[in-house]
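Pasted below: work39.cif, mmCIF, C-alpha atoms and all ligand atoms.
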data_start
#
loop_
_atom_site.group_PDB
_atom_site.id
_atom_site.type_symbol
_atom_site.label_atom_id
_atom_site.label_comp_id
_atom_site.auth_asym_id
_atom_site.auth_seq_id
_atom_site.Cartn_x
_atom_site.Cartn_y
_atom_site.Cartn_z
ATOM 1 C CA MET A 260 4.962 -17.636 -22.132
ATOM 2 C CA LYS A 261 6.240 -16.105 -18.911
ATOM 3 C CA LYS A 262 3.478 -14.450 -16.936
ATOM 4 C CA PRO A 263 3.883 -10.700 -16.462
ATOM 5 C CA THR A 264 4.949 -8.807 -13.361
ATOM 6 C CA ILE A 265 2.759 -5.774 -12.733
ATOM 7 C CA ALA A 266 3.646 -3.000 -10.283
ATOM 8 C CA ILE A 267 0.954 -0.648 -8.985
ATOM 9 C CA ASP A 268 1.943 2.331 -6.858
ATOM 10 C CA GLY A 269 -0.013 5.286 -5.600
ATOM 11 C CA PHE A 270 -1.418 7.228 -2.689
ATOM 12 C CA SER A 271 -3.419 5.725 0.134
ATOM 13 C CA SER A 272 -7.096 4.926 -0.449
ATOM 14 C CA GLY A 273 -6.653 5.299 -4.191
ATOM 15 C CA GLY A 274 -8.139 1.917 -4.985
ATOM 16 C CA LYS A 275 -4.796 0.159 -5.620
ATOM 17 C CA SER A 276 -5.692 -3.050 -3.801
ATOM 18 C CA THR A 277 -9.128 -3.348 -5.402
ATOM 19 C CA PHE A 278 -7.576 -2.830 -8.824
ATOM 20 C CA ALA A 279 -4.640 -5.207 -8.178
ATOM 21 C CA ARG A 280 -6.945 -7.929 -6.864
ATOM 22 C CA ALA A 281 -9.200 -7.643 -9.908
ATOM 23 C CA ILE A 282 -6.240 -7.822 -12.320
ATOM 24 C CA ALA A 283 -4.897 -10.898 -10.523
ATOM 25 C CA ALA A 284 -8.264 -12.641 -10.651
ATOM 26 C CA ARG A 285 -8.829 -11.870 -14.332
ATOM 27 C CA MET A 286 -5.333 -12.750 -15.525
ATOM 28 C CA GLY A 287 -4.528 -15.650 -13.251
ATOM 29 C CA LEU A 288 -1.736 -13.809 -11.436
ATOM 30 C CA GLU A 289 -0.848 -13.804 -7.770
ATOM 31 C CA TRP A 290 -1.811 -10.624 -5.907
ATOM 32 C CA VAL A 291 0.491 -9.282 -3.207
ATOM 33 C CA ASP A 292 -0.648 -6.345 -1.072
ATOM 34 C CA SER A 293 2.711 -4.993 0.133
ATOM 35 C CA GLY A 294 1.018 -2.476 2.462
ATOM 36 C CA ALA A 295 -0.408 -5.411 4.411
ATOM 37 C CA MET A 296 3.171 -6.551 5.085
ATOM 38 C CA TYR A 297 4.102 -3.159 6.606
ATOM 39 C CA ARG A 298 0.865 -3.351 8.568
ATOM 40 C CA ALA A 299 1.757 -6.859 9.804
ATOM 41 C CA VAL A 300 5.116 -5.695 11.186
ATOM 42 C CA THR A 301 3.306 -2.812 12.883
ATOM 43 C CA LEU A 302 0.724 -5.124 14.421
ATOM 44 C CA TRP A 303 3.488 -7.414 15.668
ATOM 45 C CA ALA A 304 5.150 -4.415 17.378
ATOM 46 C CA LEU A 305 1.844 -3.556 19.079
ATOM 47 C CA ASP A 306 1.223 -7.143 20.191
ATOM 48 C CA ASN A 307 4.739 -7.587 21.529
ATOM 49 C CA GLY A 308 4.982 -4.524 23.736
ATOM 50 C CA LEU A 309 7.211 -2.499 21.431
ATOM 51 C CA VAL A 310 4.881 0.478 21.602
ATOM 52 C CA SER A 311 4.593 2.430 24.855
ATOM 53 C CA THR A 312 1.222 3.447 26.304
ATOM 54 C CA GLU A 313 1.944 6.972 24.974
ATOM 55 C CA GLY A 314 2.202 5.448 21.515
ATOM 56 C CA LYS A 315 5.988 5.707 21.165
ATOM 57 C CA LEU A 316 7.587 3.016 18.990
ATOM 58 C CA ASP A 317 10.671 1.145 20.247
ATOM 59 C CA ALA A 318 12.380 1.210 16.839
ATOM 60 C CA GLU A 319 15.580 -0.393 18.080
ATOM 61 C CA GLY A 320 13.673 -3.248 19.703
ATOM 62 C CA LEU A 321 11.647 -3.770 16.527
ATOM 63 C CA VAL A 322 14.714 -3.877 14.302
ATOM 64 C CA ALA A 323 16.348 -6.413 16.647
ATOM 65 C CA ALA A 324 13.212 -8.577 16.569
ATOM 66 C CA LEU A 325 12.745 -8.454 12.777
ATOM 67 C CA PRO A 326 14.226 -11.884 11.963
ATOM 68 C CA LYS A 327 11.776 -13.641 14.242
ATOM 69 C CA ILE A 328 8.575 -11.989 13.023
ATOM 70 C CA ASP A 329 6.373 -14.570 11.307
ATOM 71 C CA LEU A 330 4.560 -12.466 8.722
ATOM 72 C CA ALA A 331 2.469 -15.335 7.385
ATOM 73 C CA ALA A 332 0.940 -15.824 10.835
ATOM 74 C CA LEU A 333 -0.403 -12.250 10.731
ATOM 75 C CA ALA A 334 -1.742 -12.320 7.178
ATOM 76 C CA GLY A 335 -5.475 -11.729 7.065
ATOM 77 C CA ASP A 336 -5.722 -10.511 10.665
ATOM 78 C CA PRO A 337 -8.616 -8.000 10.729
ATOM 79 C CA ARG A 338 -6.605 -5.788 13.085
ATOM 80 C CA LEU A 339 -4.220 -4.941 10.214
ATOM 81 C CA ARG A 340 -6.751 -2.233 9.280
ATOM 82 C CA SER A 341 -7.305 -0.941 12.821
ATOM 83 C CA VAL A 342 -6.952 2.668 13.924
ATOM 84 C CA GLU A 343 -3.928 1.672 16.072
ATOM 85 C CA VAL A 344 -2.088 0.179 13.113
ATOM 86 C CA ASN A 345 -3.075 3.087 10.833
ATOM 87 C CA GLY A 346 -1.639 5.540 13.326
ATOM 88 C CA LEU A 347 1.722 3.786 13.595
ATOM 89 C CA VAL A 348 2.404 2.205 10.210
ATOM 90 C CA SER A 349 4.062 5.294 8.667
ATOM 91 C CA GLU A 350 6.596 5.285 11.469
ATOM 92 C CA VAL A 351 7.335 1.584 11.026
ATOM 93 C CA SER A 352 7.638 1.823 7.237
ATOM 94 C CA ARG A 353 10.206 4.612 7.613
ATOM 95 C CA LEU A 354 12.751 2.214 9.142
ATOM 96 C CA PRO A 355 15.359 1.129 6.545
ATOM 97 C CA GLU A 356 15.831 -2.298 8.171
ATOM 98 C CA VAL A 357 12.107 -3.005 7.979
ATOM 99 C CA ARG A 358 12.056 -2.042 4.304
ATOM 100 C CA GLU A 359 15.102 -4.166 3.596
ATOM 101 C CA ARG A 360 13.498 -7.304 4.994
ATOM 102 C CA LEU A 361 10.141 -6.736 3.315
ATOM 103 C CA VAL A 362 11.614 -5.792 -0.063
ATOM 104 C CA ALA A 363 13.696 -9.000 -0.022
ATOM 105 C CA GLU A 364 10.547 -11.057 0.609
ATOM 106 C CA GLN A 365 8.591 -9.173 -2.058
ATOM 107 C CA ARG A 366 11.326 -9.808 -4.638
ATOM 108 C CA ALA A 367 11.364 -13.497 -3.744
ATOM 109 C CA MET A 368 7.587 -13.674 -4.214
ATOM 110 C CA GLY A 369 7.922 -12.095 -7.654
ATOM 111 C CA ALA A 370 11.014 -13.975 -8.799
ATOM 112 C CA ALA A 371 9.100 -16.333 -11.065
ATOM 113 C CA GLY A 372 6.819 -13.612 -12.541
ATOM 114 C CA GLY A 373 3.044 -13.817 -12.547
ATOM 115 C CA VAL A 374 2.602 -11.317 -9.737
ATOM 116 C CA VAL A 375 0.671 -8.100 -9.406
ATOM 117 C CA MET A 376 1.899 -6.169 -6.392
ATOM 118 C CA ASP A 377 0.578 -2.878 -5.054
ATOM 119 C CA GLY A 378 2.329 -0.427 -2.770
ATOM 120 C CA ARG A 379 4.441 2.723 -2.799
ATOM 121 C CA ASP A 380 7.864 1.612 -4.066
ATOM 122 C CA ILE A 381 7.045 -1.394 -6.239
ATOM 123 C CA GLY A 382 7.911 0.177 -9.612
ATOM 124 C CA THR A 383 10.846 2.175 -8.236
ATOM 125 C CA VAL A 384 12.535 -0.271 -5.836
ATOM 126 C CA VAL A 385 10.982 -3.742 -5.652
ATOM 127 C CA PHE A 386 10.466 -4.514 -9.358
ATOM 128 C CA PRO A 387 12.349 -1.887 -11.405
ATOM 129 C CA ASP A 388 12.045 -4.237 -14.405
ATOM 130 C CA ALA A 389 8.304 -4.901 -14.109
ATOM 131 C CA ASP A 390 6.510 -5.536 -17.407
ATOM 132 C CA LEU A 391 3.928 -2.885 -16.581
ATOM 133 C CA LYS A 392 4.150 -0.110 -13.987
ATOM 134 C CA ILE A 393 1.020 1.782 -13.087
ATOM 135 C CA PHE A 394 1.007 4.942 -11.013
ATOM 136 C CA LEU A 395 -2.538 5.287 -9.768
ATOM 137 C CA VAL A 396 -3.788 8.736 -8.824
ATOM 138 C CA ALA A 397 -7.163 10.114 -7.759
ATOM 139 C CA ASP A 398 -8.386 13.438 -6.461
ATOM 140 C CA PRO A 399 -7.867 13.565 -2.639
ATOM 141 C CA ALA A 400 -11.499 14.544 -2.148
ATOM 142 C CA VAL A 401 -12.628 11.491 -4.139
ATOM 143 C CA ARG A 402 -10.319 9.224 -2.140
ATOM 144 C CA ALA A 403 -11.574 10.730 1.111
ATOM 145 C CA ARG A 404 -15.192 10.090 0.112
ATOM 146 C CA ARG A 405 -14.461 6.445 -0.770
ATOM 147 C CA ARG A 406 -12.563 5.908 2.465
ATOM 148 C CA TYR A 407 -15.295 7.624 4.483
ATOM 149 C CA GLU A 408 -17.929 5.339 3.002
ATOM 150 C CA GLU A 409 -15.786 2.260 3.726
ATOM 151 C CA LEU A 410 -15.256 3.290 7.339
ATOM 152 C CA ARG A 411 -18.935 4.082 7.886
ATOM 153 C CA ALA A 412 -19.903 0.737 6.401
ATOM 154 C CA ALA A 413 -17.523 -0.885 8.901
ATOM 155 C CA GLY A 414 -19.278 0.967 11.717
ATOM 156 C CA VAL A 415 -16.436 3.418 12.456
ATOM 157 C CA GLU A 416 -17.539 6.825 13.741
ATOM 158 C CA VAL A 417 -15.707 9.489 11.730
ATOM 159 C CA THR A 418 -16.441 12.750 9.977
ATOM 160 C CA PRO A 419 -15.611 13.357 6.294
ATOM 161 C CA GLU A 420 -13.281 16.177 7.392
ATOM 162 C CA GLU A 421 -11.270 13.836 9.644
ATOM 163 C CA VAL A 422 -10.906 11.328 6.841
ATOM 164 C CA GLU A 423 -9.727 13.927 4.340
ATOM 165 C CA ARG A 424 -7.239 15.382 6.817
ATOM 166 C CA ASN A 425 -5.857 11.904 7.513
ATOM 167 C CA ILE A 426 -5.508 11.147 3.791
ATOM 168 C CA ARG A 427 -3.658 14.391 3.079
ATOM 169 C CA GLU A 428 -1.347 13.756 6.028
ATOM 170 C CA ARG A 429 -0.571 10.212 4.819
ATOM 171 C CA ASP A 430 0.117 11.558 1.291
ATOM 172 C CA ARG A 431 2.596 13.983 2.804
ATOM 173 C CA LEU A 432 4.330 11.313 4.925
ATOM 174 C CA ASP A 433 4.509 8.874 1.986
ATOM 175 C CA GLN A 434 6.101 11.478 -0.298
ATOM 176 C CA GLU A 435 8.444 13.067 2.220
ATOM 177 C CA ARG A 436 9.813 9.855 3.698
ATOM 178 C CA GLU A 437 13.603 9.655 3.340
ATOM 179 C CA VAL A 438 13.792 5.961 2.453
ATOM 180 C CA SER A 439 11.881 4.893 -0.679
ATOM 181 C CA PRO A 440 9.417 7.794 -0.802
ATOM 182 C CA LEU A 441 6.356 7.452 -3.026
ATOM 183 C CA ARG A 442 7.430 8.508 -6.519
ATOM 184 C CA ARG A 443 6.234 7.743 -10.012
ATOM 185 C CA ALA A 444 8.884 5.627 -11.750
ATOM 186 C CA PRO A 445 9.987 7.373 -14.973
ATOM 187 C CA ASP A 446 8.586 4.478 -17.027
ATOM 188 C CA ALA A 447 5.303 4.143 -15.104
ATOM 189 C CA VAL A 448 2.031 5.043 -16.788
ATOM 190 C CA GLU A 449 -0.197 7.293 -14.764
ATOM 191 C CA LEU A 450 -3.847 6.393 -14.426
ATOM 192 C CA ASP A 451 -6.272 8.833 -12.826
ATOM 193 C CA ASN A 452 -9.227 6.730 -11.664
ATOM 194 C CA SER A 453 -11.199 9.571 -10.026
ATOM 195 C CA GLU A 454 -13.999 9.177 -12.551
ATOM 196 C CA MET A 455 -13.488 5.537 -13.559
ATOM 197 C CA THR A 456 -15.319 2.376 -12.614
ATOM 198 C CA LEU A 457 -13.333 -0.775 -11.859
ATOM 199 C CA GLU A 458 -14.474 -2.249 -15.184
ATOM 200 C CA GLU A 459 -13.137 0.797 -17.060
ATOM 201 C CA GLN A 460 -9.817 0.412 -15.253
ATOM 202 C CA MET A 461 -9.704 -3.267 -16.238
ATOM 203 C CA LYS A 462 -10.289 -2.364 -19.927
ATOM 204 C CA TRP A 463 -7.481 0.151 -19.688
ATOM 205 C CA VAL A 464 -5.024 -2.363 -18.247
ATOM 206 C CA GLU A 465 -5.967 -5.064 -20.770
ATOM 207 C CA GLU A 466 -5.273 -2.630 -23.616
ATOM 208 C CA ARG A 467 -1.927 -1.732 -22.058
ATOM 209 C CA LEU A 468 -0.860 -5.333 -21.794
ATOM 210 C CA ARG A 469 -1.760 -6.120 -25.368
HETATM 211 O O1 LIG A 501 -1.299 0.665 1.181
HETATM 212 P P1 LIG A 501 -1.548 0.716 2.689
HETATM 213 O O2 LIG A 501 -2.329 1.928 3.125
HETATM 214 O O3 LIG A 501 -2.100 -0.541 3.250
HETATM 215 O O4 LIG A 501 -0.072 0.895 3.292
HETATM 216 C C1 LIG A 501 0.140 0.965 4.671
HETATM 217 C C2 LIG A 501 1.383 1.771 4.981
HETATM 218 O O5 LIG A 501 2.565 1.108 4.543
HETATM 219 C C3 LIG A 501 1.417 3.176 4.387
HETATM 220 O O6 LIG A 501 1.682 4.086 5.450
HETATM 221 C C4 LIG A 501 2.571 3.191 3.435
HETATM 222 C C5 LIG A 501 3.380 1.969 3.787
HETATM 223 N N1 LIG A 501 3.833 1.254 2.601
HETATM 224 C C6 LIG A 501 5.129 1.443 2.198
HETATM 225 O O7 LIG A 501 5.842 2.217 2.818
HETATM 226 N N2 LIG A 501 5.610 0.762 1.129
HETATM 227 C C7 LIG A 501 4.823 -0.088 0.438
HETATM 228 N N3 LIG A 501 5.307 -0.743 -0.608
HETATM 229 C C8 LIG A 501 3.474 -0.282 0.844
HETATM 230 C C9 LIG A 501 3.009 0.414 1.931
#
Would you encode the structure as structure tokens?
Amino acid sequence: MKKPTIAIDGFSSGGKSTFARAIAARMGLEWVDSGAMYRAVTLWALDNGLVSTEGKLDAEGLVAALPKIDLAALAGDPRLRSVEVNGLVSEVSRLPEVRERLVAEQRAMGAAGGVVMDGRDIGTVVFPDADLKIFLVADPAVRARRRYEELRAAGVEVTPEEVERNIRERDRLDQEREVSPLRRAPDAVELDNSEMTLEEQMKWVEERLR
């Protein structure tokens, strides 16, 4: 039997990656974190002088350099989650040429099935024919609290208010972006995990797949 393709989309800090990783581990699928790919392109731009000291992105230079960016070399770099990358990744993921390259790679990774991929446009653009599309939502205050705890555990000095403001701003940018904005695909099932444990989410997905 062909292994399923599962698409998980949703807002930032909604627990998509944790959920996707757990599904992949339980069902023997490959997990692809598409956000990490947008982060990798952003990190490459930072490392290669395509961002000015004032923080302005050289979009033209980045688009010209796209074919030579070795994404695999940046996978797993801890700086993918840095404040610098966080601050610039929305701008990078707005560029149609960047999306075109990454979507092509994502489709290639999923061509044989057996993939669970999380992101913003997986059910709408990358895998419109996915076997299961999940649109994950959670109360912004709940997401902010989770993110705040993660950041504090990593030793980052922030206030809960800063984190919530940042989350609401990213929600706005993700939804208002012109190219591939975050949208629930018409055939996606919405799951609100505000009050759910990971194990409860796993039960839910196993029932769905049955
Ligand atoms: O999921 P994340 O926070 O790691 O995503 C990082 C950024 O990349 C976020 O600003 C949205 C963008 N992104 C996107 O535009 N399309 C995707 N499929 C995944 C992420």
Close residues, A:Gln365 itself excluded, 12 Å, all atoms listed in the file, min 3 positions apart in chain, as a PyMOL selection string | chain A and resi 264+266+289-297+330+358-362+368-372+374-378+380-381+384-386
Tell me which protein, DNA and RNA residues are within 10 Å of A:Pro355, counting all atoms listed in the file, leaving out same-chain ones fewer than 6 positions away, and put them as a ChimeraX atom specification.
-> /A:322,361,437-439
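The set of residues that the PyMOL selection byres (((chain A and resi 344) around 10) and not hetatm) takes from this file is A:Tyr297, A:Arg298, A:Ala299, A:Val300, A:Thr301, A:Leu302, A:Trp303, A:Ala304, A:Leu305, A:Arg338, A:Leu339, A:Arg340, A:Ser341, A:Val342, A:Glu343, A:Asn345, A:Gly346, A:Leu347, A:Val348, A:Ser349, A:Val351.
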Can you write out the residues you just picked, keeping C-alpha atoms, as a PDB file, keeping the file's coordinate frame?
ATOM      1  CA  TYR A 297       4.102  -3.159   6.606  1.00  0.00           C
ATOM      2  CA  ARG A 298       0.865  -3.351   8.568  1.00  0.00           C
ATOM      3  CA  ALA A 299       1.757  -6.859   9.804  1.00  0.00           C
ATOM      4  CA  VAL A 300       5.116  -5.695  11.186  1.00  0.00           C
ATOM      5  CA  THR A 301       3.306  -2.812  12.883  1.00  0.00           C
ATOM      6  CA  LEU A 302       0.724  -5.124  14.421  1.00  0.00           C
ATOM      7  CA  TRP A 303       3.488  -7.414  15.668  1.00  0.00           C
ATOM      8  CA  ALA A 304       5.150  -4.415  17.378  1.00  0.00           C
ATOM      9  CA  LEU A 305       1.844  -3.556  19.079  1.00  0.00           C
ATOM     10  CA  ARG A 338      -6.605  -5.788  13.085  1.00  0.00           C
ATOM     11  CA  LEU A 339      -4.220  -4.941  10.214  1.00  0.00           C
ATOM     12  CA  ARG A 340      -6.751  -2.233   9.280  1.00  0.00           C
ATOM     13  CA  SER A 341      -7.305  -0.941  12.821  1.00  0.00           C
ATOM     14  CA  VAL A 342      -6.952   2.668  13.924  1.00  0.00           C
ATOM     15  CA  GLU A 343      -3.928   1.672  16.072  1.00  0.00           C
ATOM     16  CA  ASN A 345      -3.075   3.087  10.833  1.00  0.00           C
ATOM     17  CA  GLY A 346      -1.639   5.540  13.326  1.00  0.00           C
ATOM     18  CA  LEU A 347       1.722   3.786  13.595  1.00  0.00           C
ATOM     19  CA  VAL A 348       2.404   2.205  10.210  1.00  0.00           C
ATOM     20  CA  SER A 349       4.062   5.294   8.667  1.00  0.00           C
ATOM     21  CA  VAL A 351       7.335   1.584  11.026  1.00  0.00           C
TER      22      VAL A 351
END
Using only C-alpha atoms: which of A:Arg406, A:Lys392, A:Arg424, A:Arg436 has the shortest distance to A:Leu450 =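 Answer, going by the shortest atom-to-atom distance: A:Lys392.
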Interface rows for stretch 403-450 of chain A against stretch 463-468 of chain A: nearest pair, Å to one decimal, 12 Å, only C-alpha atoms, as CSV:
residue,atom,partner,partner_atom,distance
A:Ala447,CA,A:Arg467,CA,11.6
A:Val448,CA,A:Arg467,CA,9.5
A:Glu449,CA,A:Trp463,CA,11.3
A:Leu450,CA,A:Trp463,CA,8.9
Hey, what's within 12 Å of A:Gly320 if we count only C-alpha atoms and toss same-chain stuff fewer than 5 positions away? As a list in words, please?
->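 In the requested format, the answer is Trp303, Ala304, Leu305, Asn307, Gly308, Leu309, Val310, Ser311, Lys315, Leu325, Pro326, Lys327, Val351, Leu354, Glu356 and Val357 of chain A.
Evaluated on this file, the PyMOL selection byres (((chain A and resi 442) around 10) and not hetatm) matches Asp268, Gly269, Phe270, Arg379, Asp380, Ile381, Gly382, Thr383, Phe394, Asp433, Gln434, Glu435, Ser439, Pro440, Leu441, Arg443, Ala444, Pro445 and Ala447 of chain A.
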Centre and edge lengths of an axis-aligned box around all listed atoms of ligand LIG 501 (chain A), with 4 Å added on each side, are to be given in Å to one decimal, as AutoDock Vina command-line options.
--center_x 1.8 --center_y 1.7 --center_z 2.4 --size_x 16.2 --size_y 12.8 --size_z 14.1
Any chance you could resolve the PyMOL selection byres (((chain A and resi 262) around 6) and not hetatm) against this file and give the residues as a ChimeraX atom specification?
-> /A:261,263,372-373
Store the residues of this selection in a file with C-alpha atoms, as a compact mmCIF listing (two decimals), in the coordinates of the input.
# COMPACT_ATOMS: atom_id res chain seq x y z
CA LYS A 261 6.24 -16.10 -18.91
CA PRO A 263 3.88 -10.70 -16.46
CA GLY A 372 6.82 -13.61 -12.54
CA GLY A 373 3.04 -13.82 -12.55
A:Arg411, A:Arg353, A:Arg285, A:Lys462 ranked by distance to ligand LIG 501 (chain A), top pick (using all atoms listed in the file) = A:Arg353
Taking only N, CA and C atoms, show stretch 354-370 of chain A of the given structure as a CSV table (one decimal), in the first residue's frame.
chain,number,residue,atom,x,y,z
A,354,LEU,N,9.1,36.4,-1.4
A,354,LEU,CA,9.7,36.5,-2.8
A,354,LEU,C,9.2,35.3,-3.7
A,355,PRO,N,8.5,35.6,-4.8
A,355,PRO,CA,7.9,34.5,-5.6
A,355,PRO,C,9.0,33.5,-6.1
A,356,GLU,N,10.2,34.0,-6.4
A,356,GLU,CA,11.2,33.1,-6.9
A,356,GLU,C,11.7,32.2,-5.8
A,357,VAL,N,11.8,32.7,-4.6
A,357,VAL,CA,12.2,31.8,-3.5
A,357,VAL,C,11.2,30.7,-3.3
A,358,ARG,N,9.9,31.1,-3.4
A,358,ARG,CA,8.8,30.1,-3.2
A,358,ARG,C,8.8,29.0,-4.3
A,359,GLU,N,9.1,29.5,-5.5
A,359,GLU,CA,9.1,28.6,-6.6
A,359,GLU,C,10.2,27.5,-6.5
A,360,ARG,N,11.4,27.9,-6.1
A,360,ARG,CA,12.4,26.9,-5.9
A,360,ARG,C,12.1,26.0,-4.8
A,361,LEU,N,11.6,26.5,-3.6
A,361,LEU,CA,11.4,25.6,-2.5
A,361,LEU,C,10.2,24.7,-2.7
A,362,VAL,N,9.1,25.2,-3.4
A,362,VAL,CA,8.0,24.4,-3.6
A,362,VAL,C,8.4,23.2,-4.6
A,363,ALA,N,9.2,23.5,-5.6
A,363,ALA,CA,9.7,22.4,-6.5
A,363,ALA,C,10.4,21.4,-5.7
A,364,GLU,N,11.3,21.8,-4.8
A,364,GLU,CA,12.0,20.8,-4.0
A,364,GLU,C,11.1,20.0,-3.0
A,365,GLN,N,10.1,20.7,-2.5
A,365,GLN,CA,9.1,20.0,-1.6
A,365,GLN,C,8.3,19.0,-2.3
A,366,ARG,N,7.9,19.4,-3.5
A,366,ARG,CA,7.1,18.4,-4.3
A,366,ARG,C,8.0,17.2,-4.7
A,367,ALA,N,9.2,17.4,-5.0
A,367,ALA,CA,10.1,16.3,-5.3
A,367,ALA,C,10.3,15.4,-4.1
A,368,MET,N,10.4,16.0,-2.9
A,368,MET,CA,10.5,15.2,-1.7
A,368,MET,C,9.3,14.3,-1.4
A,369,GLY,N,8.1,14.8,-1.9
A,369,GLY,CA,6.9,14.1,-1.6
A,369,GLY,C,6.4,13.2,-2.8
A,370,ALA,N,7.2,13.2,-3.8
A,370,ALA,CA,6.7,12.6,-5.1
A,370,ALA,C,6.3,11.1,-4.8
